[in-house]
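Student: What follows is structure.cif, made up of mmCIF, C-alpha atoms:
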```cif
data_target
loop_
_atom_site.group_PDB
_atom_site.id
_atom_site.type_symbol
_atom_site.label_atom_id
_atom_site.label_comp_id
_atom_site.auth_asym_id
_atom_site.auth_seq_id
_atom_site.Cartn_x
_atom_site.Cartn_y
_atom_site.Cartn_z
ATOM 1 C CA MET A 479 -17.253 0.956 -1.461
ATOM 2 C CA MET A 480 -15.237 3.194 -3.741
ATOM 3 C CA LYS A 481 -17.103 4.438 -6.776
ATOM 4 C CA SER A 482 -15.762 4.399 -10.302
ATOM 5 C CA ILE A 483 -14.295 7.587 -11.768
ATOM 6 C CA THR A 484 -12.599 8.453 -15.045
ATOM 7 C CA PHE A 485 -8.821 8.283 -15.112
ATOM 8 C CA CYS A 486 -6.312 9.603 -17.630
ATOM 9 C CA ALA A 487 -2.666 9.217 -18.701
ATOM 10 C CA PHE A 488 -1.027 6.464 -16.613
ATOM 11 C CA ALA A 489 -4.354 5.158 -15.370
ATOM 12 C CA ALA A 490 -5.623 4.556 -18.884
ATOM 13 C CA ALA A 491 -2.932 1.950 -19.408
ATOM 14 C CA ALA A 492 -3.398 0.496 -15.954
ATOM 15 C CA CYS A 493 -7.127 0.016 -16.542
ATOM 16 C CA LEU A 494 -6.344 -2.599 -19.190
ATOM 17 C CA LEU A 495 -5.199 -4.959 -16.464
ATOM 18 C CA VAL A 496 -7.083 -8.048 -15.393
ATOM 19 C CA PHE A 497 -8.531 -8.015 -11.857
ATOM 20 C CA SER A 498 -8.816 -11.477 -10.372
ATOM 21 C CA GLY A 499 -9.596 -12.913 -6.967
ATOM 22 C CA CYS A 500 -7.060 -14.375 -4.601
ATOM 23 C CA GLY A 501 -8.314 -17.882 -5.250
ATOM 24 C CA ARG A 502 -6.417 -18.139 -8.534
ATOM 25 C CA SER A 503 -3.345 -20.307 -8.395
ATOM 26 C CA SER A 504 0.018 -19.009 -9.423
ATOM 27 C CA GLY A 505 1.247 -18.469 -12.914
ATOM 28 C CA GLU A 506 -0.785 -21.448 -14.106
ATOM 29 C CA GLY A 507 -2.692 -19.232 -16.524
ATOM 30 C CA GLY A 508 0.112 -19.314 -19.083
ATOM 31 C CA ASP A 509 3.748 -18.405 -19.638
ATOM 32 C CA ASN A 510 2.786 -14.932 -20.858
ATOM 33 C CA GLU A 511 1.099 -13.928 -17.595
ATOM 34 C CA PHE A 512 2.900 -12.015 -14.868
ATOM 35 C CA VAL A 513 0.891 -12.205 -11.645
ATOM 36 C CA MET A 514 1.024 -9.337 -9.171
ATOM 37 C CA ILE A 515 -0.515 -9.699 -5.717
ATOM 38 C CA THR A 516 -1.588 -6.597 -3.823
ATOM 39 C CA GLU A 517 -4.026 -5.250 -1.253
ATOM 40 C CA ALA A 518 -6.386 -2.848 -2.974
ATOM 41 C CA SER A 519 -7.487 -0.572 -0.148
ATOM 42 C CA PHE A 520 -4.280 1.426 0.187
ATOM 43 C CA PRO A 521 -4.714 4.658 -1.783
ATOM 44 C CA PRO A 522 -2.840 6.189 -3.501
ATOM 45 C CA TYR A 523 -0.701 3.077 -4.062
ATOM 46 C CA GLU A 524 -3.635 0.903 -5.088
ATOM 47 C CA PHE A 525 -7.398 1.128 -4.988
ATOM 48 C CA ILE A 526 -10.386 -0.190 -6.890
ATOM 49 C CA SER A 527 -12.213 1.693 -9.639
ATOM 50 C CA GLY A 528 -15.094 -0.315 -11.052
ATOM 51 C CA ASP A 529 -13.701 -3.838 -11.383
ATOM 52 C CA LYS A 530 -10.063 -2.784 -11.816
ATOM 53 C CA ILE A 531 -7.233 -2.374 -9.334
ATOM 54 C CA ILE A 532 -5.194 0.614 -10.422
ATOM 55 C CA VAL A 533 -2.619 3.201 -9.482
ATOM 56 C CA ILE A 534 1.000 3.578 -8.414
ATOM 57 C CA ASP A 535 2.088 0.019 -7.588
ATOM 58 C CA VAL A 536 0.074 -1.407 -10.470
ATOM 59 C CA GLU A 537 1.665 1.033 -12.908
ATOM 60 C CA ILE A 538 5.149 0.059 -11.721
ATOM 61 C CA CYS A 539 4.390 -3.659 -11.996
ATOM 62 C CA ARG A 540 2.794 -3.199 -15.421
ATOM 63 C CA ARG A 541 6.096 -1.774 -16.622
ATOM 64 C CA ILE A 542 8.058 -4.598 -15.008
ATOM 65 C CA ALA A 543 5.805 -7.107 -16.771
ATOM 66 C CA ALA A 544 6.369 -5.287 -20.076
ATOM 67 C CA GLU A 545 10.136 -5.382 -19.480
ATOM 68 C CA LEU A 546 9.791 -9.169 -19.238
ATOM 69 C CA GLY A 547 7.533 -9.324 -22.306
ATOM 70 C CA LYS A 548 4.521 -10.432 -20.279
ATOM 71 C CA GLU A 549 0.977 -9.320 -19.516
ATOM 72 C CA LEU A 550 0.158 -8.182 -15.983
ATOM 73 C CA VAL A 551 -2.588 -9.932 -14.029
ATOM 74 C CA VAL A 552 -3.522 -8.399 -10.665
ATOM 75 C CA GLN A 553 -4.784 -10.304 -7.643
ATOM 76 C CA ASP A 554 -6.329 -8.730 -4.563
ATOM 77 C CA ALA A 555 -5.709 -10.136 -1.061
ATOM 78 C CA LYS A 556 -5.639 -9.053 2.560
ATOM 79 C CA PHE A 557 -2.357 -7.336 3.313
ATOM 80 C CA ASP A 558 -1.181 -9.905 5.840
ATOM 81 C CA SER A 559 -1.474 -12.634 3.192
ATOM 82 C CA VAL A 560 0.331 -10.776 0.377
ATOM 83 C CA ILE A 561 3.880 -11.927 1.145
ATOM 84 C CA PRO A 562 2.852 -15.458 2.223
ATOM 85 C CA SER A 563 0.986 -15.819 -1.089
ATOM 86 C CA LEU A 564 4.089 -14.720 -3.008
ATOM 87 C CA VAL A 565 6.281 -17.156 -1.069
ATOM 88 C CA ALA A 566 3.759 -19.934 -1.783
ATOM 89 C CA GLY A 567 4.117 -19.337 -5.522
ATOM 90 C CA LYS A 568 0.688 -17.799 -6.054
ATOM 91 C CA ALA A 569 2.190 -14.710 -7.683
ATOM 92 C CA ASP A 570 5.331 -13.516 -9.453
ATOM 93 C CA ILE A 571 5.606 -10.175 -7.658
ATOM 94 C CA ALA A 572 4.064 -8.391 -4.668
ATOM 95 C CA ALA A 573 3.495 -4.659 -4.367
ATOM 96 C CA ALA A 574 1.159 -3.003 -1.881
ATOM 97 C CA GLY A 575 3.059 -0.148 -0.321
ATOM 98 C CA ILE A 576 5.288 -2.833 1.201
ATOM 99 C CA THR A 577 7.893 -1.555 3.636
ATOM 100 C CA VAL A 578 11.321 -3.160 3.461
ATOM 101 C CA THR A 579 12.096 -4.802 6.811
ATOM 102 C CA GLU A 580 14.767 -7.244 7.953
ATOM 103 C CA ASP A 581 12.053 -9.716 8.951
ATOM 104 C CA ARG A 582 10.475 -9.649 5.481
ATOM 105 C CA LYS A 583 13.896 -9.992 3.844
ATOM 106 C CA MET A 584 14.071 -13.455 5.362
ATOM 107 C CA SER A 585 11.109 -14.535 3.194
ATOM 108 C CA VAL A 586 11.463 -12.523 -0.034
ATOM 109 C CA ASP A 587 13.901 -10.454 -2.076
ATOM 110 C CA PHE A 588 13.215 -6.724 -2.390
ATOM 111 C CA SER A 589 13.845 -4.377 -5.281
ATOM 112 C CA GLU A 590 15.405 -0.973 -4.851
ATOM 113 C CA SER A 591 13.022 1.333 -2.995
ATOM 114 C CA TYR A 592 10.810 3.681 -4.990
ATOM 115 C CA VAL A 593 9.218 5.755 -2.205
ATOM 116 C CA ILE A 594 10.253 7.007 1.224
ATOM 117 C CA SER A 595 7.235 6.963 3.507
ATOM 118 C CA GLY A 596 6.398 6.628 7.189
ATOM 119 C CA ILE A 597 3.658 6.040 9.735
ATOM 120 C CA VAL A 598 1.591 8.713 11.460
ATOM 121 C CA ILE A 599 -1.004 9.116 14.188
ATOM 122 C CA ILE A 600 -4.644 9.862 13.328
ATOM 123 C CA VAL A 601 -6.964 11.225 16.010
ATOM 124 C CA ARG A 602 -10.477 12.619 16.214
ATOM 125 C CA LYS A 603 -10.505 16.314 15.390
ATOM 126 C CA ASP A 604 -11.490 17.350 18.915
ATOM 127 C CA ASP A 605 -8.968 15.081 20.670
ATOM 128 C CA ALA A 606 -6.625 17.282 22.712
ATOM 129 C CA GLU A 607 -5.199 14.461 24.830
ATOM 130 C CA ILE A 608 -3.109 12.584 22.251
ATOM 131 C CA LYS A 609 -0.237 14.756 21.028
ATOM 132 C CA SER A 610 2.587 12.295 20.268
ATOM 133 C CA GLY A 611 3.613 8.661 20.275
ATOM 134 C CA ALA A 612 4.192 8.834 24.022
ATOM 135 C CA ASP A 613 0.456 9.382 24.483
ATOM 136 C CA LEU A 614 -0.447 6.059 22.860
ATOM 137 C CA ILE A 615 0.343 4.161 26.054
ATOM 138 C CA GLY A 616 -2.810 2.664 27.474
ATOM 139 C CA LYS A 617 -4.900 3.671 24.455
ATOM 140 C CA ARG A 618 -6.810 1.408 22.091
ATOM 141 C CA VAL A 619 -4.869 1.774 18.858
ATOM 142 C CA GLY A 620 -6.314 0.770 15.483
ATOM 143 C CA VAL A 621 -3.976 -0.433 12.707
ATOM 144 C CA GLN A 622 -4.134 -2.286 9.423
ATOM 145 C CA ALA A 623 -3.273 -5.924 10.134
ATOM 146 C CA GLY A 624 0.164 -7.089 9.043
ATOM 147 C CA THR A 625 1.542 -3.606 8.309
ATOM 148 C CA THR A 626 4.493 -1.825 9.862
ATOM 149 C CA SER A 627 1.963 0.148 11.927
ATOM 150 C CA ASP A 628 0.962 -3.191 13.443
ATOM 151 C CA THR A 629 4.624 -4.108 13.987
ATOM 152 C CA TYR A 630 5.384 -0.708 15.518
ATOM 153 C CA MET A 631 2.686 -1.096 18.157
ATOM 154 C CA VAL A 632 3.783 -4.642 19.019
ATOM 155 C CA GLU A 633 7.364 -3.385 19.386
ATOM 156 C CA GLN A 634 6.030 -0.799 21.826
ATOM 157 C CA LYS A 635 4.648 -3.727 23.892
ATOM 158 C CA GLN A 636 1.110 -2.741 22.976
ATOM 159 C CA GLU A 637 -1.417 -5.048 21.296
ATOM 160 C CA PRO A 638 -3.370 -3.043 18.671
ATOM 161 C CA ASP A 639 -6.870 -3.532 17.320
ATOM 162 C CA ARG A 640 -6.402 -4.873 13.797
ATOM 163 C CA PHE A 641 -8.464 -4.028 10.702
ATOM 164 C CA ASP A 642 -8.350 -4.964 7.028
ATOM 165 C CA SER A 643 -7.620 -1.396 5.866
ATOM 166 C CA PRO A 644 -6.710 2.065 7.195
ATOM 167 C CA ALA A 645 -10.190 3.271 6.243
ATOM 168 C CA LEU A 646 -11.833 0.629 8.442
ATOM 169 C CA ALA A 647 -9.541 1.571 11.323
ATOM 170 C CA VAL A 648 -10.563 5.219 10.929
ATOM 171 C CA ALA A 649 -14.234 4.220 10.823
ATOM 172 C CA ALA A 650 -13.696 2.441 14.160
ATOM 173 C CA LEU A 651 -12.021 5.587 15.523
ATOM 174 C CA LYS A 652 -15.012 7.722 14.568
ATOM 175 C CA ALA A 653 -17.371 5.159 16.095
ATOM 176 C CA GLY A 654 -15.451 5.258 19.389
ATOM 177 C CA LYS A 655 -14.274 1.664 19.100
ATOM 178 C CA VAL A 656 -10.602 2.717 19.218
ATOM 179 C CA ASP A 657 -8.970 5.844 20.646
ATOM 180 C CA VAL A 658 -6.449 6.487 17.898
ATOM 181 C CA VAL A 659 -5.206 5.066 14.580
ATOM 182 C CA VAL A 660 -1.635 4.517 13.426
ATOM 183 C CA ALA A 661 -1.268 4.250 9.635
ATOM 184 C CA ASP A 662 1.002 4.930 6.666
ATOM 185 C CA VAL A 663 1.174 8.617 5.884
ATOM 186 C CA ASP A 664 -0.111 8.524 2.279
ATOM 187 C CA PRO A 665 -3.386 6.651 2.841
ATOM 188 C CA ALA A 666 -3.798 8.657 6.050
ATOM 189 C CA ARG A 667 -3.589 11.895 4.062
ATOM 190 C CA VAL A 668 -6.058 10.619 1.482
ATOM 191 C CA ILE A 669 -8.580 9.728 4.182
ATOM 192 C CA ALA A 670 -8.072 12.908 6.219
ATOM 193 C CA SER A 671 -8.269 15.205 3.186
ATOM 194 C CA LYS A 672 -11.998 14.566 2.860
ATOM 195 C CA ASP A 673 -12.937 13.843 6.456
ATOM 196 C CA PRO A 674 -13.359 16.893 8.738
ATOM 197 C CA ASP A 675 -13.862 14.694 11.798
ATOM 198 C CA ILE A 676 -10.234 13.510 11.980
ATOM 199 C CA ARG A 677 -6.758 14.981 11.795
ATOM 200 C CA ILE A 678 -3.160 13.769 11.479
ATOM 201 C CA LEU A 679 -0.647 14.740 14.137
ATOM 202 C CA ASP A 680 2.546 16.458 12.987
ATOM 203 C CA GLY A 681 5.624 14.281 12.568
ATOM 204 C CA MET A 682 6.066 10.606 11.785
ATOM 205 C CA LEU A 683 6.607 7.721 14.178
ATOM 206 C CA SER A 684 9.049 6.085 11.765
ATOM 207 C CA SER A 685 10.511 6.444 8.292
ATOM 208 C CA GLU A 686 10.082 3.616 5.778
ATOM 209 C CA GLU A 687 11.107 2.580 2.267
ATOM 210 C CA PHE A 688 8.594 0.976 -0.104
ATOM 211 C CA ALA A 689 9.754 -1.627 -2.636
ATOM 212 C CA VAL A 690 8.350 -4.507 -4.666
ATOM 213 C CA ALA A 691 8.950 -8.059 -3.460
ATOM 214 C CA VAL A 692 9.807 -11.162 -5.486
ATOM 215 C CA ARG A 693 10.347 -14.772 -4.522
ATOM 216 C CA LYS A 694 13.749 -15.608 -3.066
ATOM 217 C CA GLY A 695 16.301 -16.218 -5.807
ATOM 218 C CA ASP A 696 14.130 -14.904 -8.673
ATOM 219 C CA LYS A 697 16.955 -12.856 -10.187
ATOM 220 C CA VAL A 698 15.229 -12.360 -13.554
ATOM 221 C CA THR A 699 12.225 -10.614 -12.024
ATOM 222 C CA LEU A 700 14.365 -8.732 -9.503
ATOM 223 C CA ASP A 701 16.700 -7.408 -12.230
ATOM 224 C CA ALA A 702 13.723 -6.287 -14.328
ATOM 225 C CA ALA A 703 12.141 -4.569 -11.327
ATOM 226 C CA ASN A 704 15.346 -2.743 -10.437
ATOM 227 C CA LYS A 705 15.858 -1.622 -14.045
ATOM 228 C CA VAL A 706 12.321 -0.197 -14.273
ATOM 229 C CA ILE A 707 12.488 1.507 -10.868
ATOM 230 C CA ARG A 708 15.901 3.054 -11.604
ATOM 231 C CA GLU A 709 14.617 4.434 -14.912
ATOM 232 C CA LEU A 710 11.453 5.848 -13.293
ATOM 233 C CA LYS A 711 13.471 7.508 -10.538
ATOM 234 C CA ALA A 712 16.196 8.860 -12.853
ATOM 235 C CA SER A 713 13.654 10.436 -15.210
ATOM 236 C CA GLY A 714 11.557 11.876 -12.386
ATOM 237 C CA GLU A 715 8.567 9.958 -13.706
ATOM 238 C CA ILE A 716 7.992 8.147 -10.415
ATOM 239 C CA ASP A 717 7.193 11.503 -8.791
ATOM 240 C CA LYS A 718 4.763 12.351 -11.602
ATOM 241 C CA ILE A 719 3.015 8.986 -11.223
ATOM 242 C CA LYS A 720 2.751 9.472 -7.467
ATOM 243 C CA ALA A 721 1.345 13.005 -7.835
ATOM 244 C CA GLN A 722 -1.123 11.848 -10.502
ATOM 245 C CA TYR A 723 -2.566 9.095 -8.398
ATOM 246 C CA GLU A 724 -2.586 11.072 -5.169
ATOM 247 C CA ALA A 725 -4.841 13.552 -6.962
ATOM 248 C CA GLU A 726 -7.048 10.780 -8.352
ATOM 249 C CA ALA A 727 -7.310 9.135 -4.935
ATOM 250 C CA ASP A 728 -8.388 12.484 -3.465
ATOM 251 C CA LYS A 729 -11.113 12.765 -6.111
ATOM 252 C CA LEU A 730 -12.255 9.222 -5.495
ATOM 253 C CA LYS A 731 -12.473 9.785 -1.753
ATOM 254 C CA GLY A 732 -14.628 12.834 -2.434
ATOM 255 C CA ASN A 733 -17.039 10.734 -4.528
ATOM 256 C CA GLU A 734 -17.637 8.067 -1.872
#
```
What does this structure look like when you write it as structure tokens?

Tutor:
Amino acid sequence: MMKSITFCAFAAAACLLVFSGCGRSSGEGGDNEFVMITEASFPPYEFISGDKIIVIDVEICRRIAAELGKELVVQDAKFDSVIPSLVAGKADIAAAGITVTEDRKMSVDFSESYVISGIVIIVRKDDAEIKSGADLIGKRVGVQAGTTSDTYMVEQKQEPDRFDSPALAVAALKAGKVDVVVADVDPARVIASKDPDIRILDGMLSSEEFAVAVRKGDKVTLDAANKVIRELKASGEIDKIKAQYEAEADKLKGNE
């Protein structure tokens, strides 16, 4: 489990948020609540400190809620249930380092992107055999279920071993249960920064854009999200938020 640490600046505001379980039904808590659904084991975009889910995606959604004059409530779920829960009306917005894909666009509407990311290969430090994506053939590959890493492996005609988080996939790698892990670059860097037993190969397997998702046709929420994201990008504040929480995630990983 991740241990609690002290946060400052953006995190101080984020820590005022309510952390609730996935069993709560949608917006039924009142007209003033704006429910965000996420997956809280994806640092630096979201992770748990004490009983709060905080960081980049939460900060963005807090500002979107404020733009709408509402109070943010955060729900935690497994990643592969985040978008289905949004579609089912159990939340007003979804943000969990979600990559924009044509398949997902069929179910939800996406805001403008706020981060360019990608997926990378993680190997054991002493592994000299795996050097690129071409070397994944015939290997047991660990991924976080429902992510674009999962999709990438399926597209390569390879069935991966699925886990609830990148950290659990890496734990399986170290235990010899999988040969390699494919994961988003930011959580991969957070994990590798404090773990001398693994390393990230140079280069990315794919480039991705992260955005927040809203229910199809919810123009009010989508317009608010786009306004907030444009302002954060234009002012350069999105980069400051990202740097702040990358540093905090590094500290948190060191305290585990």

Student: In Å, how far is it from atom CA of A:Thr579 to atom CA of A:Ala666?

Tutor: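 Going from atom CA of A:Thr579 over to atom CA of A:Ala666, I get 20.8 Å.
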
Student: Between atom CA of A:Ser563 and atom CA of A:Ser519, measure the distance and give it in Å to one decimal.

Tutor: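 Those two atoms sit 17.5 Å apart.
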
Student: At what distance in Å, to one decimal, does atom CA of A:Lys609 lie from atom CA of A:Leu679?

Tutor: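 These two atoms are separated by 6.9 Å.
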
Student: With distances taken over only C-alpha atoms, which residue among A:Lys694, A:Glu511, A:Glu517, A:Val578 lies nearest A:Leu550?

Tutor: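 Smallest distance to A:Leu550 is found for A:Glu511.
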
Student: For stretch 613-618 of chain A, find every residue with an atom within 6 Å (counting all atoms listed in the file), except residues of its own chain fewer than 5 positions away, and show them as number ranges by chain.

Tutor: A: 608, 656-657

Student: Give the answer as one residue: which of A:Ile719, A:Ala645, A:Met584, A:Val598 has the shortest atom-to-atom distance to A:Ala518, using all atoms listed in the file?

Tutor: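 Distance minimum relative to A:Ala518 lands on A:Ala645.
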